[in-house]
Amino acid sequence: MKRRLPDKDAAFPNPDIPSLCYIKNVVKNPRIIIGDYTYYDDVDGADRFEEHVTHFYEFIGDRLIIGNFCAIARGVTFVMNGANHRMDCATTYPFYIMGGDWGGMIAPVMDELPLKGDTVVGNDVWIGQNVTIMPGVHIGDGAIIGTNATVASDIPPYSIAVGNPARVVRRRFDDDTVNLLLQLRWWDKPIEEVDVLMPILTTPDQAEMRAAIIEYLSSQVG
């Protein structure tokens with residue numbers, strides 16, 4: 001019998017959990033790029049995830065990029081580069097965005113603005129409730145961001161970060177295991193293959209997990 005797997009193209013994959021939304025299927029801004037199976041969980045409207053991405057101005061052009069299979073809890077805020085103000089002048093007030101004669105006369109060129117590039121969240125990242133992610137941050141694959149954290153700098157893969165500002169308190173696995181997981185890249189595989197890998201992905205026995213990944217990777221060579 002063919003296995004029944006979640007539909008990546010459904011906004012709400014489980015009718016019994018209406019707070020859980022595959023946000024790729026509801027976001028309309030083309031500069032918010034979401035991977036398959038990434039969900040936002042919010043009883044107040046998970047399909048309104050886009051409202052949690054603030055200071056998104058067209059003239060800046062930055063993007064929010066989130067990978068596959070991420071779990072994002074309610075209350076998260078992504079602050080984009082439009083929130084940054086110049087700090088090298090007497091005032092930080094952005095006169096140039098207020099229109100009228102103020103705009104054209106004193107608008108800084110893009111190179112003068114403190115832009116930090118795209119905000120990038122890797123794959124299989126778990127972001128807890130009420131987390132704030134600042135502009136240009138890169139969060140690595142498999143990372144966990146604790147509740148109420150403010151992420152102002154990059155977080156390495158498979159690290160756990162908490163606090164304000166967020167700091168890494170430990171890595172989830174040792175270096176060898178992290179390297180194996182980054183080689184496996186299970187999140188990029190067809191969902192049928194992910195389904196086959198489920199026993200490897202869900203075992204709490206790390207020795208068993210490492211052995212199974214090594215065996216699997218060896219079977220893919222050649």
# chains A, B, ... in the order shown; residues from 1 in each chain; ligands from 1
call {"tool": "residues_around", "arguments": {"residues": "segment 10-16 of chain A", "least_positions_apart": "6", "cutoff": "8 Å", "atoms": "only C-alpha atoms", "output": "ChimeraX atom specification"}}
result
/A:22-26,47
call {"tool": "residues_around", "arguments": {"residues": "segment 154-156 of chain A", "least_positions_apart": "3", "cutoff": "7 Å", "atoms": "only C-alpha atoms", "output": "list in words"}}
result
Val137, His138, Ile139, Gly140 and Ser159 of chain A
call {"tool": "write_last_selection", "arguments": {"atoms": "C-alpha atoms", "output": "short mmCIF file (atom, residue, chain, number, x, y, z; two decimals), in the first residue's frame"}}
result
data_model
loop_
_atom_site.label_atom_id
_atom_site.label_comp_id
_atom_site.auth_asym_id
_atom_site.auth_seq_id
_atom_site.Cartn_x
_atom_site.Cartn_y
_atom_site.Cartn_z
CA VAL A 137 21.78 37.21 10.04
CA HIS A 138 22.63 33.72 8.76
CA ILE A 139 21.38 30.76 10.83
CA GLY A 140 22.97 27.42 9.94
CA SER A 159 24.11 25.02 17.48
#
call {"tool": "select_by_dssp", "arguments": {"residues": "chain A", "states": "alpha helix (DSSP H)", "output": "PyMOL selection string"}}
result
chain A and resi 101-106+175-184+191-202+206-220
call {"tool": "atom_distance", "arguments": {"atom1": "atom CA of Thr150 of chain A", "atom2": "atom CA of Gly117 of chain A"}}
result
17.9 Å
call {"tool": "select_by_dssp", "arguments": {"residues": "segment 29-185 of chain A", "states": "strand (DSSP E or B)", "output": "JSON list (two decimals) with N, CA, C and O atoms, in the first residue's frame"}}
result
[["chain", "number", "residue", "atom", "x", "y", "z"],
["A", 32, "ILE", "N", 10.43, 37.09, -0.12],
["A", 32, "ILE", "CA", 10.41, 36.14, 0.98],
["A", 32, "ILE", "C", 10.38, 34.75, 0.35],
["A", 32, "ILE", "O", 9.39, 34.36, -0.27],
["A", 33, "ILE", "N", 11.46, 34.02, 0.49],
["A", 33, "ILE", "CA", 11.63, 32.73, -0.19],
["A", 33, "ILE", "C", 11.63, 31.63, 0.86],
["A", 33, "ILE", "O", 12.51, 31.59, 1.73],
["A", 34, "ILE", "N", 10.64, 30.76, 0.81],
["A", 34, "ILE", "CA", 10.45, 29.74, 1.84],
["A", 34, "ILE", "C", 10.58, 28.35, 1.21],
["A", 34, "ILE", "O", 10.06, 28.09, 0.12],
["A", 39, "TYR", "N", 7.10, 25.26, 8.38],
["A", 39, "TYR", "CA", 5.82, 25.70, 8.91],
["A", 39, "TYR", "C", 5.97, 26.80, 9.96],
["A", 39, "TYR", "O", 7.00, 26.92, 10.63],
["A", 40, "TYR", "N", 4.92, 27.59, 10.05],
["A", 40, "TYR", "CA", 4.75, 28.58, 11.11],
["A", 40, "TYR", "C", 3.54, 28.15, 11.92],
["A", 40, "TYR", "O", 2.50, 27.80, 11.35],
["A", 41, "ASP", "N", 3.66, 28.14, 13.25],
["A", 41, "ASP", "CA", 2.58, 27.67, 14.13],
["A", 41, "ASP", "C", 2.09, 28.82, 14.98],
["A", 41, "ASP", "O", 2.84, 29.34, 15.82],
["A", 53, "VAL", "N", 7.38, 39.93, 9.16],
["A", 53, "VAL", "CA", 8.60, 40.37, 8.47],
["A", 53, "VAL", "C", 8.49, 41.88, 8.33],
["A", 53, "VAL", "O", 7.70, 42.38, 7.54],
["A", 54, "THR", "N", 9.28, 42.63, 9.11],
["A", 54, "THR", "CA", 9.07, 44.07, 9.21],
["A", 54, "THR", "C", 10.16, 44.86, 8.48],
["A", 54, "THR", "O", 11.26, 44.38, 8.26],
["A", 64, "LEU", "N", 14.47, 37.67, 2.51],
["A", 64, "LEU", "CA", 14.42, 36.71, 3.60],
["A", 64, "LEU", "C", 14.34, 35.33, 2.96],
["A", 64, "LEU", "O", 13.41, 35.04, 2.21],
["A", 65, "ILE", "N", 15.34, 34.49, 3.25],
["A", 65, "ILE", "CA", 15.41, 33.16, 2.65],
["A", 65, "ILE", "C", 15.40, 32.12, 3.77],
["A", 65, "ILE", "O", 16.25, 32.15, 4.66],
["A", 66, "ILE", "N", 14.41, 31.23, 3.75],
["A", 66, "ILE", "CA", 14.28, 30.19, 4.77],
["A", 66, "ILE", "C", 14.25, 28.84, 4.06],
["A", 66, "ILE", "O", 13.53, 28.65, 3.08],
["A", 71, "ALA", "N", 10.89, 24.74, 11.57],
["A", 71, "ALA", "CA", 9.76, 24.86, 12.50],
["A", 71, "ALA", "C", 9.84, 26.21, 13.18],
["A", 71, "ALA", "O", 10.80, 26.48, 13.91],
["A", 72, "ILE", "N", 8.84, 27.07, 12.94],
["A", 72, "ILE", "CA", 8.87, 28.44, 13.44],
["A", 72, "ILE", "C", 7.67, 28.64, 14.36],
["A", 72, "ILE", "O", 6.52, 28.48, 13.94],
["A", 73, "ALA", "N", 7.94, 29.00, 15.61],
["A", 73, "ALA", "CA", 6.88, 29.18, 16.59],
["A", 73, "ALA", "C", 6.29, 30.59, 16.52],
["A", 73, "ALA", "O", 6.86, 31.50, 15.92],
["A", 77, "THR", "N", 9.76, 37.52, 14.87],
["A", 77, "THR", "CA", 9.85, 38.74, 14.07],
["A", 77, "THR", "C", 11.16, 38.73, 13.31],
["A", 77, "THR", "O", 12.23, 38.54, 13.90],
["A", 78, "PHE", "N", 11.08, 38.93, 12.01],
["A", 78, "PHE", "CA", 12.26, 39.12, 11.17],
["A", 78, "PHE", "C", 12.35, 40.61, 10.85],
["A", 78, "PHE", "O", 11.48, 41.16, 10.18],
["A", 79, "VAL", "N", 13.41, 41.25, 11.34],
["A", 79, "VAL", "CA", 13.62, 42.68, 11.09],
["A", 79, "VAL", "C", 14.56, 42.82, 9.88],
["A", 79, "VAL", "O", 15.69, 42.35, 9.92],
["A", 119, "THR", "N", 18.78, 38.05, 4.82],
["A", 119, "THR", "CA", 18.65, 37.25, 6.04],
["A", 119, "THR", "C", 18.39, 35.82, 5.60],
["A", 119, "THR", "O", 17.47, 35.56, 4.82],
["A", 120, "VAL", "N", 19.20, 34.87, 6.10],
["A", 120, "VAL", "CA", 19.14, 33.50, 5.61],
["A", 120, "VAL", "C", 19.00, 32.53, 6.79],
["A", 120, "VAL", "O", 19.83, 32.53, 7.70],
["A", 121, "VAL", "N", 17.96, 31.73, 6.75],
["A", 121, "VAL", "CA", 17.76, 30.65, 7.72],
["A", 121, "VAL", "C", 17.94, 29.34, 6.97],
["A", 121, "VAL", "O", 17.33, 29.14, 5.92],
["A", 126, "TRP", "N", 14.90, 25.14, 14.08],
["A", 126, "TRP", "CA", 13.78, 25.32, 15.00],
["A", 126, "TRP", "C", 13.93, 26.67, 15.66],
["A", 126, "TRP", "O", 14.92, 26.93, 16.34],
["A", 127, "ILE", "N", 12.93, 27.54, 15.48],
["A", 127, "ILE", "CA", 12.93, 28.88, 16.05],
["A", 127, "ILE", "C", 11.81, 28.97, 17.07],
["A", 127, "ILE", "O", 10.63, 28.78, 16.73],
["A", 132, "THR", "N", 13.39, 37.32, 17.89],
["A", 132, "THR", "CA", 13.61, 38.42, 16.95],
["A", 132, "THR", "C", 14.91, 38.16, 16.20],
["A", 132, "THR", "O", 15.95, 37.92, 16.83],
["A", 133, "ILE", "N", 14.85, 38.20, 14.88],
["A", 133, "ILE", "CA", 16.03, 37.95, 14.05],
["A", 133, "ILE", "C", 16.35, 39.25, 13.30],
["A", 133, "ILE", "O", 15.53, 39.77, 12.56],
["A", 138, "HIS", "N", 22.66, 35.04, 9.38],
["A", 138, "HIS", "CA", 22.63, 33.72, 8.76],
["A", 138, "HIS", "C", 22.57, 32.67, 9.88],
["A", 138, "HIS", "O", 23.45, 32.64, 10.75],
["A", 139, "ILE", "N", 21.55, 31.83, 9.84],
["A", 139, "ILE", "CA", 21.38, 30.76, 10.83],
["A", 139, "ILE", "C", 21.62, 29.44, 10.12],
["A", 139, "ILE", "O", 20.96, 29.13, 9.12],
["A", 144, "ILE", "N", 19.03, 25.55, 16.65],
["A", 144, "ILE", "CA", 17.87, 25.79, 17.49],
["A", 144, "ILE", "C", 18.03, 27.17, 18.13],
["A", 144, "ILE", "O", 19.08, 27.47, 18.71],
["A", 145, "ILE", "N", 16.98, 28.00, 18.01],
["A", 145, "ILE", "CA", 16.99, 29.34, 18.61],
["A", 145, "ILE", "C", 15.95, 29.35, 19.72],
["A", 145, "ILE", "O", 14.76, 29.14, 19.49],
["A", 150, "THR", "N", 17.13, 37.23, 20.83],
["A", 150, "THR", "CA", 17.33, 38.23, 19.79],
["A", 150, "THR", "C", 18.61, 37.87, 19.06],
["A", 150, "THR", "O", 19.70, 37.94, 19.64],
["A", 151, "VAL", "N", 18.49, 37.48, 17.80],
["A", 151, "VAL", "CA", 19.63, 36.98, 17.04],
["A", 151, "VAL", "C", 20.21, 38.13, 16.21],
["A", 151, "VAL", "O", 19.60, 38.58, 15.24],
["A", 155, "ILE", "N", 24.64, 32.23, 13.43],
["A", 155, "ILE", "CA", 24.60, 31.05, 14.30],
["A", 155, "ILE", "C", 25.07, 29.85, 13.48],
["A", 155, "ILE", "O", 24.51, 29.57, 12.43],
["A", 159, "SER", "N", 23.82, 24.35, 16.21],
["A", 159, "SER", "CA", 24.11, 25.02, 17.48],
["A", 159, "SER", "C", 22.80, 25.40, 18.16],
["A", 159, "SER", "O", 21.78, 25.60, 17.51],
["A", 160, "ILE", "N", 22.85, 25.52, 19.47],
["A", 160, "ILE", "CA", 21.71, 26.00, 20.26],
["A", 160, "ILE", "C", 22.07, 27.39, 20.77],
["A", 160, "ILE", "O", 23.09, 27.57, 21.44],
["A", 161, "ALA", "N", 21.23, 28.38, 20.44],
["A", 161, "ALA", "CA", 21.51, 29.77, 20.81],
["A", 161, "ALA", "C", 20.34, 30.32, 21.61],
["A", 161, "ALA", "O", 19.17, 30.09, 21.27],
["A", 162, "VAL", "N", 20.65, 31.04, 22.69],
["A", 162, "VAL", "CA", 19.62, 31.61, 23.55],
["A", 162, "VAL", "C", 20.05, 33.00, 23.98],
["A", 162, "VAL", "O", 21.22, 33.37, 23.90],
["A", 167, "ARG", "N", 23.42, 33.96, 22.13],
["A", 167, "ARG", "CA", 24.77, 33.40, 22.10],
["A", 167, "ARG", "C", 24.65, 31.88, 22.07],
["A", 167, "ARG", "O", 23.69, 31.30, 22.60],
["A", 168, "VAL", "N", 25.61, 31.25, 21.47],
["A", 168, "VAL", "CA", 25.62, 29.79, 21.37],
["A", 168, "VAL", "C", 25.99, 29.21, 22.73],
["A", 168, "VAL", "O", 27.05, 29.54, 23.29],
["A", 169, "VAL", "N", 25.14, 28.35, 23.26],
["A", 169, "VAL", "CA", 25.42, 27.72, 24.56],
["A", 169, "VAL", "C", 26.02, 26.33, 24.39],
["A", 169, "VAL", "O", 26.75, 25.86, 25.27],
["A", 170, "ARG", "N", 25.71, 25.68, 23.29],
["A", 170, "ARG", "CA", 26.35, 24.39, 23.00],
["A", 170, "ARG", "C", 25.98, 23.96, 21.59],
["A", 170, "ARG", "O", 25.06, 24.51, 20.97],
["A", 171, "ARG", "N", 26.71, 22.96, 21.09],
["A", 171, "ARG", "CA", 26.36, 22.34, 19.82],
["A", 171, "ARG", "C", 25.51, 21.11, 20.09],
["A", 171, "ARG", "O", 25.66, 20.46, 21.15]]
call {"tool": "atom_distance", "arguments": {"atom1": "atom CA of Cys89 of chain A", "atom2": "atom CA of Asp101 of chain A"}}
result
19.3 Å
call {"tool": "atom_distance", "arguments": {"atom1": "atom CA of Asn179 of chain A", "atom2": "atom CA of Asp195 of chain A"}}
result
21.6 Å
call {"tool": "closest_residue", "arguments": {"among": "A:Pro30, A:Gly163, A:Gly136, A:Pro204", "to": "Met80 of chain A", "atoms": "only C-alpha atoms"}}
result
A:Gly136
call {"tool": "residues_around", "arguments": {"residues": "segment 191-194 of chain A", "least_positions_apart": "2", "cutoff": "10 Å", "atoms": "only C-alpha atoms", "output": "list in words"}}
result
Arg3, Leu5, Pro6, Asp7, Lys8, Asp36, Tyr37, Trp186, Trp187, Asp188, Lys189, Val196, Leu197, Met198, Pro199, Ile200 and Leu201 of chain A
call {"tool": "write_last_selection", "arguments": {"atoms": "N, CA and C atoms", "output": "tab-separated table (two decimals), in the first residue's frame"}}
result
chain	number	residue	atom	x	y	z
A	3	ARG	N	2.22	4.76	0.85
A	3	ARG	CA	2.15	5.55	2.08
A	3	ARG	C	1.55	6.93	1.81
A	5	LEU	N	1.61	10.66	2.54
A	5	LEU	CA	2.58	11.64	3.03
A	5	LEU	C	1.97	13.04	3.00
A	6	PRO	N	2.47	13.95	3.84
A	6	PRO	CA	1.93	15.33	3.84
A	6	PRO	C	2.10	15.99	2.47
A	7	ASP	N	1.15	16.83	2.12
A	7	ASP	CA	1.17	17.54	0.84
A	7	ASP	C	1.91	18.86	1.03
A	8	LYS	N	3.08	18.96	0.41
A	8	LYS	CA	3.89	20.18	0.57
A	8	LYS	C	3.23	21.40	-0.04
A	36	ASP	N	10.20	24.02	1.13
A	36	ASP	CA	9.12	23.06	1.31
A	36	ASP	C	9.05	22.57	2.76
A	37	TYR	N	7.83	22.33	3.22
A	37	TYR	CA	7.55	21.73	4.53
A	37	TYR	C	7.93	22.62	5.71
A	186	TRP	N	19.54	15.62	4.22
A	186	TRP	CA	18.29	14.90	4.01
A	186	TRP	C	17.16	15.81	3.55
A	187	TRP	N	17.21	17.08	3.93
A	187	TRP	CA	16.14	18.01	3.61
A	187	TRP	C	16.04	18.33	2.13
A	188	ASP	N	17.07	18.01	1.35
A	188	ASP	CA	17.04	18.26	-0.09
A	188	ASP	C	16.53	17.06	-0.89
A	189	LYS	N	16.25	15.97	-0.22
A	189	LYS	CA	15.88	14.74	-0.92
A	189	LYS	C	14.37	14.70	-1.18
A	196	VAL	N	11.77	7.18	3.85
A	196	VAL	CA	12.59	5.98	4.08
A	196	VAL	C	13.64	6.25	5.16
A	197	LEU	N	14.17	7.48	5.18
A	197	LEU	CA	15.20	7.85	6.15
A	197	LEU	C	14.64	8.13	7.55
A	198	MET	N	13.33	8.12	7.71
A	198	MET	CA	12.72	8.52	8.97
A	198	MET	C	13.29	7.80	10.20
A	199	PRO	N	13.54	6.49	10.14
A	199	PRO	CA	14.13	5.84	11.32
A	199	PRO	C	15.49	6.41	11.71
A	200	ILE	N	16.29	6.80	10.72
A	200	ILE	CA	17.60	7.41	11.01
A	200	ILE	C	17.41	8.79	11.61
A	201	LEU	N	16.44	9.54	11.09
A	201	LEU	CA	16.26	10.94	11.49
A	201	LEU	C	15.63	11.08	12.87
call {"tool": "decode", "arguments": {"residues": "segment 191-206 of chain A", "atoms": "all heavy atoms", "output": "PDB file, in the first residue's frame"}}
result
ATOM      1  N   ILE A 191      10.573  13.616  -0.984  1.00  0.00           N
ATOM      2  CA  ILE A 191       9.877  13.278   0.258  1.00  0.00           C
ATOM      3  C   ILE A 191       9.770  11.772   0.450  1.00  0.00           C
ATOM      4  O   ILE A 191       9.769  11.278   1.583  1.00  0.00           O
ATOM      5  CB  ILE A 191       8.482  13.951   0.290  1.00  0.00           C
ATOM      6  CG1 ILE A 191       7.877  13.872   1.692  1.00  0.00           C
ATOM      7  CG2 ILE A 191       7.573  13.371  -0.774  1.00  0.00           C
ATOM      8  CD1 ILE A 191       8.694  14.534   2.774  1.00  0.00           C
ATOM      9  N   GLU A 192       9.716  11.011  -0.645  1.00  0.00           N
ATOM     10  CA  GLU A 192       9.658   9.552  -0.511  1.00  0.00           C
ATOM     11  C   GLU A 192      10.946   9.015   0.112  1.00  0.00           C
ATOM     12  O   GLU A 192      10.917   8.060   0.896  1.00  0.00           O
ATOM     13  CB  GLU A 192       9.421   8.904  -1.875  1.00  0.00           C
ATOM     14  CG  GLU A 192       8.063   9.190  -2.499  1.00  0.00           C
ATOM     15  CD  GLU A 192       7.988  10.574  -3.140  1.00  0.00           C
ATOM     16  OE1 GLU A 192       9.047  11.234  -3.311  1.00  0.00           O
ATOM     17  OE2 GLU A 192       6.869  10.997  -3.478  1.00  0.00           O
ATOM     18  N   GLU A 193      12.075   9.629  -0.223  1.00  0.00           N
ATOM     19  CA  GLU A 193      13.347   9.210   0.354  1.00  0.00           C
ATOM     20  C   GLU A 193      13.462   9.672   1.807  1.00  0.00           C
ATOM     21  O   GLU A 193      14.001   8.946   2.655  1.00  0.00           O
ATOM     22  CB  GLU A 193      14.507   9.750  -0.472  1.00  0.00           C
ATOM     23  CG  GLU A 193      15.829   9.109  -0.143  1.00  0.00           C
ATOM     24  CD  GLU A 193      16.908   9.397  -1.174  1.00  0.00           C
ATOM     25  OE1 GLU A 193      16.581   9.925  -2.262  1.00  0.00           O
ATOM     26  OE2 GLU A 193      18.070   9.088  -0.891  1.00  0.00           O
ATOM     27  N   VAL A 194      12.948  10.863   2.099  1.00  0.00           N
ATOM     28  CA  VAL A 194      12.910  11.324   3.489  1.00  0.00           C
ATOM     29  C   VAL A 194      12.104  10.345   4.326  1.00  0.00           C
ATOM     30  O   VAL A 194      12.475  10.010   5.463  1.00  0.00           O
ATOM     31  CB  VAL A 194      12.314  12.743   3.584  1.00  0.00           C
ATOM     32  CG1 VAL A 194      12.114  13.151   5.047  1.00  0.00           C
ATOM     33  CG2 VAL A 194      13.202  13.752   2.873  1.00  0.00           C
ATOM     34  N   ASP A 195      11.011   9.860   3.762  1.00  0.00           N
ATOM     35  CA  ASP A 195      10.167   8.892   4.465  1.00  0.00           C
ATOM     36  C   ASP A 195      10.958   7.616   4.792  1.00  0.00           C
ATOM     37  O   ASP A 195      10.847   7.070   5.891  1.00  0.00           O
ATOM     38  CB  ASP A 195       8.944   8.565   3.603  1.00  0.00           C
ATOM     39  CG  ASP A 195       7.929   7.708   4.329  1.00  0.00           C
ATOM     40  OD1 ASP A 195       7.586   8.042   5.479  1.00  0.00           O
ATOM     41  OD2 ASP A 195       7.500   6.694   3.754  1.00  0.00           O
ATOM     42  N   VAL A 196      11.765   7.177   3.855  1.00  0.00           N
ATOM     43  CA  VAL A 196      12.594   5.979   4.080  1.00  0.00           C
ATOM     44  C   VAL A 196      13.645   6.254   5.164  1.00  0.00           C
ATOM     45  O   VAL A 196      13.975   5.371   5.972  1.00  0.00           O
ATOM     46  CB  VAL A 196      13.268   5.543   2.761  1.00  0.00           C
ATOM     47  CG1 VAL A 196      14.293   4.455   3.007  1.00  0.00           C
ATOM     48  CG2 VAL A 196      12.220   5.073   1.754  1.00  0.00           C
ATOM     49  N   LEU A 197      14.166   7.478   5.184  1.00  0.00           N
ATOM     50  CA  LEU A 197      15.200   7.849   6.152  1.00  0.00           C
ATOM     51  C   LEU A 197      14.644   8.134   7.547  1.00  0.00           C
ATOM     52  O   LEU A 197      15.420   8.345   8.491  1.00  0.00           O
ATOM     53  CB  LEU A 197      15.955   9.090   5.664  1.00  0.00           C
ATOM     54  CG  LEU A 197      16.875   8.910   4.457  1.00  0.00           C
ATOM     55  CD1 LEU A 197      17.324  10.267   3.933  1.00  0.00           C
ATOM     56  CD2 LEU A 197      18.081   8.057   4.826  1.00  0.00           C
ATOM     57  N   MET A 198      13.335   8.118   7.706  1.00  0.00           N
ATOM     58  CA  MET A 198      12.722   8.518   8.975  1.00  0.00           C
ATOM     59  C   MET A 198      13.293   7.796  10.196  1.00  0.00           C
ATOM     60  O   MET A 198      13.558   8.429  11.231  1.00  0.00           O
ATOM     61  CB  MET A 198      11.206   8.312   8.904  1.00  0.00           C
ATOM     62  CG  MET A 198      10.426   9.150   9.891  1.00  0.00           C
ATOM     63  SD  MET A 198      10.432  10.921   9.465  1.00  0.00           S
ATOM     64  CE  MET A 198       9.466  10.934   7.967  1.00  0.00           C
ATOM     65  N   PRO A 199      13.542   6.494  10.140  1.00  0.00           N
ATOM     66  CA  PRO A 199      14.129   5.838  11.322  1.00  0.00           C
ATOM     67  C   PRO A 199      15.490   6.408  11.711  1.00  0.00           C
ATOM     68  O   PRO A 199      15.807   6.505  12.902  1.00  0.00           O
ATOM     69  CB  PRO A 199      14.238   4.369  10.886  1.00  0.00           C
ATOM     70  CG  PRO A 199      13.195   4.202   9.834  1.00  0.00           C
ATOM     71  CD  PRO A 199      13.180   5.513   9.094  1.00  0.00           C
ATOM     72  N   ILE A 200      16.291   6.796  10.716  1.00  0.00           N
ATOM     73  CA  ILE A 200      17.597   7.406  11.010  1.00  0.00           C
ATOM     74  C   ILE A 200      17.410   8.794  11.614  1.00  0.00           C
ATOM     75  O   ILE A 200      18.098   9.177  12.558  1.00  0.00           O
ATOM     76  CB  ILE A 200      18.443   7.519   9.722  1.00  0.00           C
ATOM     77  CG1 ILE A 200      18.724   6.134   9.136  1.00  0.00           C
ATOM     78  CG2 ILE A 200      19.741   8.281   9.978  1.00  0.00           C
ATOM     79  CD1 ILE A 200      19.473   6.184   7.816  1.00  0.00           C
ATOM     80  N   LEU A 201      16.443   9.544  11.090  1.00  0.00           N
ATOM     81  CA  LEU A 201      16.264  10.936  11.495  1.00  0.00           C
ATOM     82  C   LEU A 201      15.631  11.076  12.872  1.00  0.00           C
ATOM     83  O   LEU A 201      15.744  12.134  13.501  1.00  0.00           O
ATOM     84  CB  LEU A 201      15.402  11.665  10.462  1.00  0.00           C
ATOM     85  CG  LEU A 201      15.949  11.712   9.031  1.00  0.00           C
ATOM     86  CD1 LEU A 201      14.945  12.384   8.106  1.00  0.00           C
ATOM     87  CD2 LEU A 201      17.290  12.433   8.986  1.00  0.00           C
ATOM     88  N   THR A 202      14.962  10.042  13.341  1.00  0.00           N
ATOM     89  CA  THR A 202      14.182  10.168  14.575  1.00  0.00           C
ATOM     90  C   THR A 202      14.712   9.323  15.732  1.00  0.00           C
ATOM     91  O   THR A 202      14.120   9.343  16.812  1.00  0.00           O
ATOM     92  CB  THR A 202      12.712   9.806  14.321  1.00  0.00           C
ATOM     93  OG1 THR A 202      12.635   8.470  13.799  1.00  0.00           O
ATOM     94  CG2 THR A 202      12.087  10.772  13.323  1.00  0.00           C
ATOM     95  N   THR A 203      15.805   8.604  15.537  1.00  0.00           N
ATOM     96  CA  THR A 203      16.347   7.822  16.647  1.00  0.00           C
ATOM     97  C   THR A 203      17.123   8.716  17.619  1.00  0.00           C
ATOM     98  O   THR A 203      17.917   9.558  17.202  1.00  0.00           O
ATOM     99  CB  THR A 203      17.266   6.690  16.152  1.00  0.00           C
ATOM    100  OG1 THR A 203      17.792   5.991  17.301  1.00  0.00           O
ATOM    101  CG2 THR A 203      18.422   7.218  15.328  1.00  0.00           C
ATOM    102  N   PRO A 204      16.901   8.555  18.937  1.00  0.00           N
ATOM    103  CA  PRO A 204      17.688   9.319  19.913  1.00  0.00           C
ATOM    104  C   PRO A 204      19.054   8.697  20.189  1.00  0.00           C
ATOM    105  O   PRO A 204      19.867   9.295  20.900  1.00  0.00           O
ATOM    106  CB  PRO A 204      16.810   9.277  21.169  1.00  0.00           C
ATOM    107  CG  PRO A 204      16.066   7.990  21.051  1.00  0.00           C
ATOM    108  CD  PRO A 204      15.833   7.772  19.584  1.00  0.00           C
ATOM    109  N   ASP A 205      19.306   7.521  19.623  1.00  0.00           N
ATOM    110  CA  ASP A 205      20.581   6.834  19.813  1.00  0.00           C
ATOM    111  C   ASP A 205      21.585   7.387  18.797  1.00  0.00           C
ATOM    112  O   ASP A 205      21.547   7.048  17.615  1.00  0.00           O
ATOM    113  CB  ASP A 205      20.393   5.327  19.619  1.00  0.00           C
ATOM    114  CG  ASP A 205      21.647   4.525  19.955  1.00  0.00           C
ATOM    115  OD1 ASP A 205      22.765   5.006  19.681  1.00  0.00           O
ATOM    116  OD2 ASP A 205      21.508   3.404  20.472  1.00  0.00           O
ATOM    117  N   GLN A 206      22.487   8.244  19.259  1.00  0.00           N
ATOM    118  CA  GLN A 206      23.382   8.929  18.330  1.00  0.00           C
ATOM    119  C   GLN A 206      24.370   7.989  17.667  1.00  0.00           C
ATOM    120  O   GLN A 206      24.730   8.182  16.498  1.00  0.00           O
ATOM    121  CB  GLN A 206      24.112  10.064  19.049  1.00  0.00           C
ATOM    122  CG  GLN A 206      23.177  11.192  19.451  1.00  0.00           C
ATOM    123  CD  GLN A 206      23.911  12.395  19.995  1.00  0.00           C
ATOM    124  OE1 GLN A 206      25.073  12.639  19.667  1.00  0.00           O
ATOM    125  NE2 GLN A 206      23.238  13.172  20.829  1.00  0.00           N
TER     126      GLN A 206
END
